[in-house]
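Asker: Let me begin by handing over the structure; questions about it come next.
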Amino acid sequence: MDIQVLGSMSVRVAGHSVAPSAPKPRQVLALLALHADQMVPVSTLTAELWGHKPPRSARATLQTYVLQLRDLIGEALAREGSGREGAKDVLVTLPGGYRLQTGGGSVDFRDFERRAATGFHAMDAEDYQGATHKLREALALWSGEGALADIQAGSLITMEVERLEEARLFALDQRIEADLRLGRHRTHEGLHAQFMLALHRSGRRGEALRAYQQLHTTLVCELGLEPSVPLQRLQRSIRAQSDAVEVGGTAGHATEARGATPGFRVAAARVC
């Protein structure tokens, strides 16, 4: 099984999608995917689907959703035709809950966390070339509008998504700092635009504007250059508190972040 949540959800068995189209079963699959290879209690799934006031039929309805997921898994396994395992071996029933077995397949958010951790260790060791390489690999795993952007999320999925978005924002900050340490002031403007937009959309408008000001100071003092036109346009849009901020031109398109990391720091810039 291969799982992708750093963008639109993709769950594939034997190369075939097993993601249902109905919102509630997709929500169940998303929560199981976020805890792949771990047991998710029935109470947790119920709380995600219906909050603190589940209907009397909650358990039976959840079982129906699980059966629907198993039907899709079974169809995917039948296409493979190996006969090595059944749907119940992939979506396992345990006392009190369910577990989604990956069978050694890929899980993108865990790959992201491993690569980012390697990048952070490189930063601590002042290996900025190694840090930017690993952090670039980690950030490249993200796509679209953010983690599980196409999922109807309850409180538990929302919490997990915020955790992932915080990790992404911190990795982006460290990538920017590594580039600055390597003297790549102009080439990292696209990353800086993503960073500003992520801060702005997570409710940290002041920090986004300070990030721009720090970059402006660095470019002017060290290179005698102004920030690019697209980045200046982004700064003006954030200052105007635009509800639909887009990054164009050489800065690229930034993606939305739902959360922000406590104690998060903007990459430092030198003052003239």
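For the structure tokens, the naming scheme is as follows: chains receive sequential letters (A, B, ...) according to their order of presentation, residues are indexed from 1 within each chain, and ligands are indexed from 1 in presentation order.
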Among region 8-186 of chain A, which ones does DSSP assign to strand (DSSP E or B) (computed from the backbone)? Answer as a ChimeraX atom specification.

Answerer: /A:10-13,16-17,39-41,91-94,97-100,107

Asker: Please build the interface table for region 15-35 of chain A against region 89-95 of chain A with a cut-off of 12 Å, listing for each qualifying residue the nearest atom pair and the distance in Å to one decimal; count only C-alpha atoms, order rows by chain and increasing number, and write it as JSON lines.

Answerer:
{"residue": "A:Val18", "atom": "CA", "partner": "A:Leu91", "partner_atom": "CA", "distance": 11.4}
{"residue": "A:Val28", "atom": "CA", "partner": "A:Leu91", "partner_atom": "CA", "distance": 11.5}
{"residue": "A:Leu29", "atom": "CA", "partner": "A:Leu91", "partner_atom": "CA", "distance": 9.8}
{"residue": "A:Leu32", "atom": "CA", "partner": "A:Leu91", "partner_atom": "CA", "distance": 9.1}
{"residue": "A:Ala33", "atom": "CA", "partner": "A:Leu91", "partner_atom": "CA", "distance": 10.6}

Asker: Which of these, A:Gly104, A:Arg110, A:Gln129, A:Ala211, has the shortest distance to Arg184 (chain A) once you count only C-alpha atoms?

Answerer: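 Ranking A:Gly104, A:Arg110, A:Gln129, A:Ala211 by distance to Arg184 (chain A), first place goes to A:Gln129.
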
Asker: Write out as a count of residues only all residues of region 112-247 of chain A that DSSP puts in alpha helix (DSSP H) for this structure's backbone.

Answerer: 90

Asker: List the spatial neighbours of region 42-51 of chain A as a list of chain:residue names - criterion: any atom at most 9 Å away, only C-alpha atoms, same-chain residues fewer than 3 positions off excluded.

Answerer: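 With the cut-off at 9 Å, the set is A:Lys24, A:Gln27, A:Val28, A:Leu31, A:Leu32, A:Pro54, A:Pro55, A:Ala58, A:Arg59, A:Leu62, A:Gly96, A:Gly97, A:Tyr98, A:Ala153, A:Gly154, A:Ser155, A:Leu156, A:Ile157.
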
Asker: Identify, on the basis of only C-alpha atoms, every residue whose closest approach to Tyr128 (chain A) does not exceed 10 Å; exclude the query and any residue fewer than 3 positions from it along the same chain; express the result as a list in words.

Answerer: Gly119, Phe120, Ala122, Met123, Asp124, Ala125, Ala131, Thr132, His133, Lys134, Gln174, Arg175, Glu177, Ala178, Asp179, Leu180, Arg181 and Leu182 of chain A

Asker: For those residues, write N, CA and C atoms to a file as a PDB file, in the first residue's frame.

Answerer:
ATOM      1  N   GLY A 119      17.845  16.909   7.445  1.00  0.00           N
ATOM      2  CA  GLY A 119      18.202  18.289   7.144  1.00  0.00           C
ATOM      3  C   GLY A 119      18.450  19.116   8.391  1.00  0.00           C
ATOM      4  N   PHE A 120      17.623  18.908   9.427  1.00  0.00           N
ATOM      5  CA  PHE A 120      17.807  19.646  10.680  1.00  0.00           C
ATOM      6  C   PHE A 120      19.131  19.274  11.344  1.00  0.00           C
ATOM      7  N   ALA A 122      21.782  18.284   9.816  1.00  0.00           N
ATOM      8  CA  ALA A 122      22.832  18.919   9.014  1.00  0.00           C
ATOM      9  C   ALA A 122      22.966  20.395   9.382  1.00  0.00           C
ATOM     10  N   MET A 123      21.850  21.071   9.615  1.00  0.00           N
ATOM     11  CA  MET A 123      21.892  22.470  10.045  1.00  0.00           C
ATOM     12  C   MET A 123      22.639  22.602  11.361  1.00  0.00           C
ATOM     13  N   ASP A 124      22.325  21.712  12.308  1.00  0.00           N
ATOM     14  CA  ASP A 124      22.992  21.755  13.613  1.00  0.00           C
ATOM     15  C   ASP A 124      24.501  21.559  13.470  1.00  0.00           C
ATOM     16  N   ALA A 125      24.899  20.758  12.466  1.00  0.00           N
ATOM     17  CA  ALA A 125      26.316  20.492  12.232  1.00  0.00           C
ATOM     18  C   ALA A 125      26.953  21.542  11.320  1.00  0.00           C
ATOM     19  N   ALA A 131      22.138  20.349   4.332  1.00  0.00           N
ATOM     20  CA  ALA A 131      20.825  20.726   4.870  1.00  0.00           C
ATOM     21  C   ALA A 131      19.882  21.161   3.763  1.00  0.00           C
ATOM     22  N   THR A 132      20.354  22.027   2.879  1.00  0.00           N
ATOM     23  CA  THR A 132      19.475  22.511   1.817  1.00  0.00           C
ATOM     24  C   THR A 132      19.087  21.378   0.875  1.00  0.00           C
ATOM     25  N   HIS A 133      19.998  20.415   0.664  1.00  0.00           N
ATOM     26  CA  HIS A 133      19.694  19.270  -0.204  1.00  0.00           C
ATOM     27  C   HIS A 133      18.583  18.417   0.404  1.00  0.00           C
ATOM     28  N   LYS A 134      18.713  18.055   1.665  1.00  0.00           N
ATOM     29  CA  LYS A 134      17.727  17.195   2.298  1.00  0.00           C
ATOM     30  C   LYS A 134      16.390  17.907   2.515  1.00  0.00           C
ATOM     31  N   GLN A 174      13.989  26.609   7.682  1.00  0.00           N
ATOM     32  CA  GLN A 174      15.364  26.144   7.755  1.00  0.00           C
ATOM     33  C   GLN A 174      16.025  26.088   6.382  1.00  0.00           C
ATOM     34  N   ARG A 175      15.232  25.749   5.369  1.00  0.00           N
ATOM     35  CA  ARG A 175      15.775  25.735   4.001  1.00  0.00           C
ATOM     36  C   ARG A 175      16.188  27.149   3.587  1.00  0.00           C
ATOM     37  N   GLU A 177      17.071  29.577   5.608  1.00  0.00           N
ATOM     38  CA  GLU A 177      18.255  29.958   6.381  1.00  0.00           C
ATOM     39  C   GLU A 177      19.511  29.300   5.812  1.00  0.00           C
ATOM     40  N   ALA A 178      19.391  28.028   5.411  1.00  0.00           N
ATOM     41  CA  ALA A 178      20.542  27.339   4.824  1.00  0.00           C
ATOM     42  C   ALA A 178      20.978  28.024   3.539  1.00  0.00           C
ATOM     43  N   ASP A 179      20.010  28.427   2.703  1.00  0.00           N
ATOM     44  CA  ASP A 179      20.345  29.127   1.469  1.00  0.00           C
ATOM     45  C   ASP A 179      21.033  30.459   1.750  1.00  0.00           C
ATOM     46  N   LEU A 180      20.553  31.166   2.759  1.00  0.00           N
ATOM     47  CA  LEU A 180      21.182  32.431   3.120  1.00  0.00           C
ATOM     48  C   LEU A 180      22.620  32.215   3.571  1.00  0.00           C
ATOM     49  N   ARG A 181      22.852  31.165   4.350  1.00  0.00           N
ATOM     50  CA  ARG A 181      24.198  30.876   4.819  1.00  0.00           C
ATOM     51  C   ARG A 181      25.135  30.539   3.659  1.00  0.00           C
ATOM     52  N   LEU A 182      24.548  30.010   2.573  1.00  0.00           N
ATOM     53  CA  LEU A 182      25.332  29.672   1.384  1.00  0.00           C
ATOM     54  C   LEU A 182      25.437  30.842   0.411  1.00  0.00           C
TER      55      LEU A 182
END

Asker: Go through region 162-213 of chain A and flag each residue having an atom no more than 12 Å from region 219-240 of chain A; for those, report the closest pair of atoms plus their distance in Å to one decimal, using only C-alpha atoms, ordered by chain and rising number, as a Markdown table.

Answerer:
| residue | atom | partner | partner_atom | distance |
| --- | --- | --- | --- | --- |
| A:Leu180 | CA | A:Leu219 | CA | 10.5 |
| A:Gly183 | CA | A:Glu222 | CA | 9.6 |
| A:Arg184 | CA | A:Leu219 | CA | 10.3 |
| A:His185 | CA | A:Leu219 | CA | 6.8 |
| A:Arg186 | CA | A:Leu219 | CA | 7.7 |
| A:Thr187 | CA | A:Ser228 | CA | 10.6 |
| A:His188 | CA | A:Pro227 | CA | 10.9 |
| A:Glu189 | CA | A:Leu231 | CA | 7.4 |
| A:Gly190 | CA | A:Leu231 | CA | 8.2 |
| A:Leu191 | CA | A:Leu231 | CA | 10.5 |
| A:His192 | CA | A:Leu231 | CA | 8.5 |
| A:Ala193 | CA | A:Leu231 | CA | 6.3 |
| A:Gln194 | CA | A:Leu231 | CA | 10.0 |
| A:Phe195 | CA | A:Leu234 | CA | 11.3 |
| A:Met196 | CA | A:Gln235 | CA | 8.2 |
| A:Leu197 | CA | A:Ile238 | CA | 8.0 |
| A:Ala198 | CA | A:Ile238 | CA | 11.0 |
| A:Leu199 | CA | A:Ile238 | CA | 10.1 |
| A:His200 | CA | A:Ile238 | CA | 6.9 |
| A:Arg201 | CA | A:Ile238 | CA | 9.4 |
| A:Gly203 | CA | A:Ile238 | CA | 11.0 |
| A:Arg204 | CA | A:Ile238 | CA | 10.4 |
| A:Arg205 | CA | A:Ile238 | CA | 7.0 |
| A:Gly206 | CA | A:Arg239 | CA | 8.8 |
| A:Glu207 | CA | A:Ile238 | CA | 10.7 |
| A:Ala208 | CA | A:Ile238 | CA | 7.8 |
| A:Leu209 | CA | A:Gln235 | CA | 6.7 |
| A:Arg210 | CA | A:Gln235 | CA | 9.9 |
| A:Ala211 | CA | A:Gln235 | CA | 9.7 |
| A:Tyr212 | CA | A:Gln235 | CA | 6.9 |
| A:Gln213 | CA | A:Gln235 | CA | 9.2 |

Asker: Atoms to include: N, CA, C and O atoms. Write the selected residues as a short mmCIF file (atom, residue, chain, number, x, y, z; two decimals), in the first residue's frame.

Answerer:
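And here's selection-v5.cif as it stands now:
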data_model
loop_
_atom_site.label_atom_id
_atom_site.label_comp_id
_atom_site.auth_asym_id
_atom_site.auth_seq_id
_atom_site.Cartn_x
_atom_site.Cartn_y
_atom_site.Cartn_z
N LEU A 180 20.55 31.17 2.76
CA LEU A 180 21.18 32.43 3.12
C LEU A 180 22.62 32.22 3.57
O LEU A 180 23.52 32.98 3.22
N GLY A 183 24.84 31.98 0.78
CA GLY A 183 24.92 33.16 -0.06
C GLY A 183 23.95 33.19 -1.21
O GLY A 183 24.12 33.96 -2.16
N ARG A 184 22.91 32.35 -1.16
CA ARG A 184 21.95 32.27 -2.27
C ARG A 184 20.77 33.21 -1.99
O ARG A 184 19.64 32.78 -1.79
N HIS A 185 21.03 34.48 -2.02
CA HIS A 185 19.99 35.43 -1.65
C HIS A 185 18.91 35.55 -2.71
O HIS A 185 17.72 35.50 -2.41
N ARG A 186 19.32 35.69 -3.97
CA ARG A 186 18.33 35.90 -5.02
C ARG A 186 17.61 34.61 -5.37
O ARG A 186 16.42 34.60 -5.62
N THR A 187 18.35 33.50 -5.38
CA THR A 187 17.75 32.25 -5.84
C THR A 187 16.71 31.69 -4.89
O THR A 187 15.94 30.81 -5.27
N HIS A 188 16.70 32.15 -3.65
CA HIS A 188 15.73 31.57 -2.72
C HIS A 188 14.49 32.46 -2.55
O HIS A 188 13.68 32.24 -1.66
N GLU A 189 14.30 33.44 -3.43
CA GLU A 189 13.14 34.31 -3.30
C GLU A 189 11.82 33.54 -3.43
O GLU A 189 10.83 33.88 -2.79
N GLY A 190 11.78 32.52 -4.30
CA GLY A 190 10.57 31.73 -4.42
C GLY A 190 10.22 31.05 -3.11
O GLY A 190 9.04 31.01 -2.71
N LEU A 191 11.22 30.52 -2.42
CA LEU A 191 10.97 29.91 -1.11
C LEU A 191 10.50 30.95 -0.11
O LEU A 191 9.61 30.70 0.71
N HIS A 192 11.09 32.14 -0.19
CA HIS A 192 10.69 33.19 0.73
C HIS A 192 9.24 33.61 0.49
O HIS A 192 8.50 33.90 1.44
N ALA A 193 8.82 33.62 -0.76
CA ALA A 193 7.43 33.94 -1.08
C ALA A 193 6.49 32.90 -0.48
O ALA A 193 5.45 33.24 0.09
N GLN A 194 6.85 31.63 -0.58
CA GLN A 194 6.04 30.57 0.02
C GLN A 194 5.97 30.75 1.53
O GLN A 194 4.91 30.57 2.15
N PHE A 195 7.10 31.09 2.11
CA PHE A 195 7.18 31.29 3.56
C PHE A 195 6.26 32.43 4.00
O PHE A 195 5.48 32.30 4.95
N MET A 196 6.32 33.56 3.30
CA MET A 196 5.48 34.70 3.63
C MET A 196 4.00 34.36 3.51
O MET A 196 3.18 34.71 4.37
N LEU A 197 3.66 33.67 2.43
CA LEU A 197 2.26 33.32 2.20
C LEU A 197 1.75 32.36 3.25
O LEU A 197 0.62 32.48 3.73
N ALA A 198 2.59 31.38 3.62
CA ALA A 198 2.19 30.42 4.64
C ALA A 198 1.95 31.12 5.98
O ALA A 198 0.97 30.85 6.67
N LEU A 199 2.83 32.05 6.34
CA LEU A 199 2.64 32.81 7.58
C LEU A 199 1.36 33.63 7.52
O LEU A 199 0.57 33.66 8.46
N HIS A 200 1.14 34.31 6.38
CA HIS A 200 -0.04 35.15 6.23
C HIS A 200 -1.32 34.35 6.37
O HIS A 200 -2.25 34.73 7.08
N ARG A 201 -1.38 33.20 5.70
CA ARG A 201 -2.61 32.41 5.71
C ARG A 201 -2.82 31.65 7.01
O ARG A 201 -3.91 31.15 7.27
N GLY A 203 -2.54 33.23 9.78
CA GLY A 203 -2.91 34.28 10.71
C GLY A 203 -1.75 35.06 11.28
O GLY A 203 -1.91 35.81 12.24
N ARG A 204 -0.56 34.92 10.68
CA ARG A 204 0.63 35.58 11.22
C ARG A 204 1.11 36.65 10.22
O ARG A 204 2.24 36.64 9.75
N ARG A 205 0.21 37.58 9.94
CA ARG A 205 0.46 38.60 8.93
C ARG A 205 1.67 39.46 9.28
O ARG A 205 2.49 39.80 8.42
N GLY A 206 1.80 39.83 10.56
CA GLY A 206 2.93 40.65 10.98
C GLY A 206 4.26 39.97 10.73
O GLY A 206 5.22 40.61 10.28
N GLU A 207 4.33 38.67 11.01
CA GLU A 207 5.56 37.93 10.78
C GLU A 207 5.87 37.83 9.29
O GLU A 207 7.03 37.84 8.88
N ALA A 208 4.83 37.70 8.47
CA ALA A 208 5.02 37.64 7.03
C ALA A 208 5.65 38.94 6.52
O ALA A 208 6.57 38.93 5.70
N LEU A 209 5.14 40.07 7.03
CA LEU A 209 5.68 41.36 6.61
C LEU A 209 7.11 41.56 7.13
O LEU A 209 7.96 42.13 6.44
N ARG A 210 7.38 41.07 8.33
CA ARG A 210 8.75 41.17 8.86
C ARG A 210 9.71 40.30 8.05
O ARG A 210 10.87 40.68 7.85
N ALA A 211 9.22 39.14 7.60
CA ALA A 211 10.07 38.28 6.77
C ALA A 211 10.48 38.99 5.50
O ALA A 211 11.62 38.91 5.06
N TYR A 212 9.52 39.70 4.90
CA TYR A 212 9.83 40.47 3.69
C TYR A 212 10.85 41.56 4.00
O TYR A 212 11.81 41.77 3.25
N GLN A 213 10.65 42.26 5.11
CA GLN A 213 11.55 43.35 5.45
C GLN A 213 12.96 42.86 5.70
O GLN A 213 13.95 43.51 5.30
#

Asker: Any idea what's packed within 12 Å of Pro20 (chain A), counting only C-alpha atoms, ignoring anything in its chain fewer than 4 positions away? Could you give it as a list in words?

Answerer: Met9, Ser10, Val11, Arg12, His16, Lys24, Pro25, Arg26, Gln27, Val28, Leu29, Ala30, Tyr65, Val66, Leu67, Gln68, Leu69, Arg70, Asp71, Leu72, Ile73, Asp150 and Ile151 of chain A

Asker: For Leu139 (chain A), find every residue with an atom within 9 Å (counting only C-alpha atoms), except residues of its own chain fewer than 3 positions away, and show them as a list in words.

Answerer: Phe112, Arg115, Ala116, Lys134, Leu135, Arg136, Trp142, Ser143, Arg168, Ala171 and Leu172 of chain A

Asker: Can you measure CA of Ala167 (chain A) to CA of Thr218 (chain A) for me? One decimal in Å is fine.

Answerer: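 The value is 25.5 Å.
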
Asker: Just to confirm, what's the straight-line distance from CA of Phe109 (chain A) to CA of Arg79 (chain A) in Å (one decimal)?

Answerer: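 So the answer is 27.1 Å.
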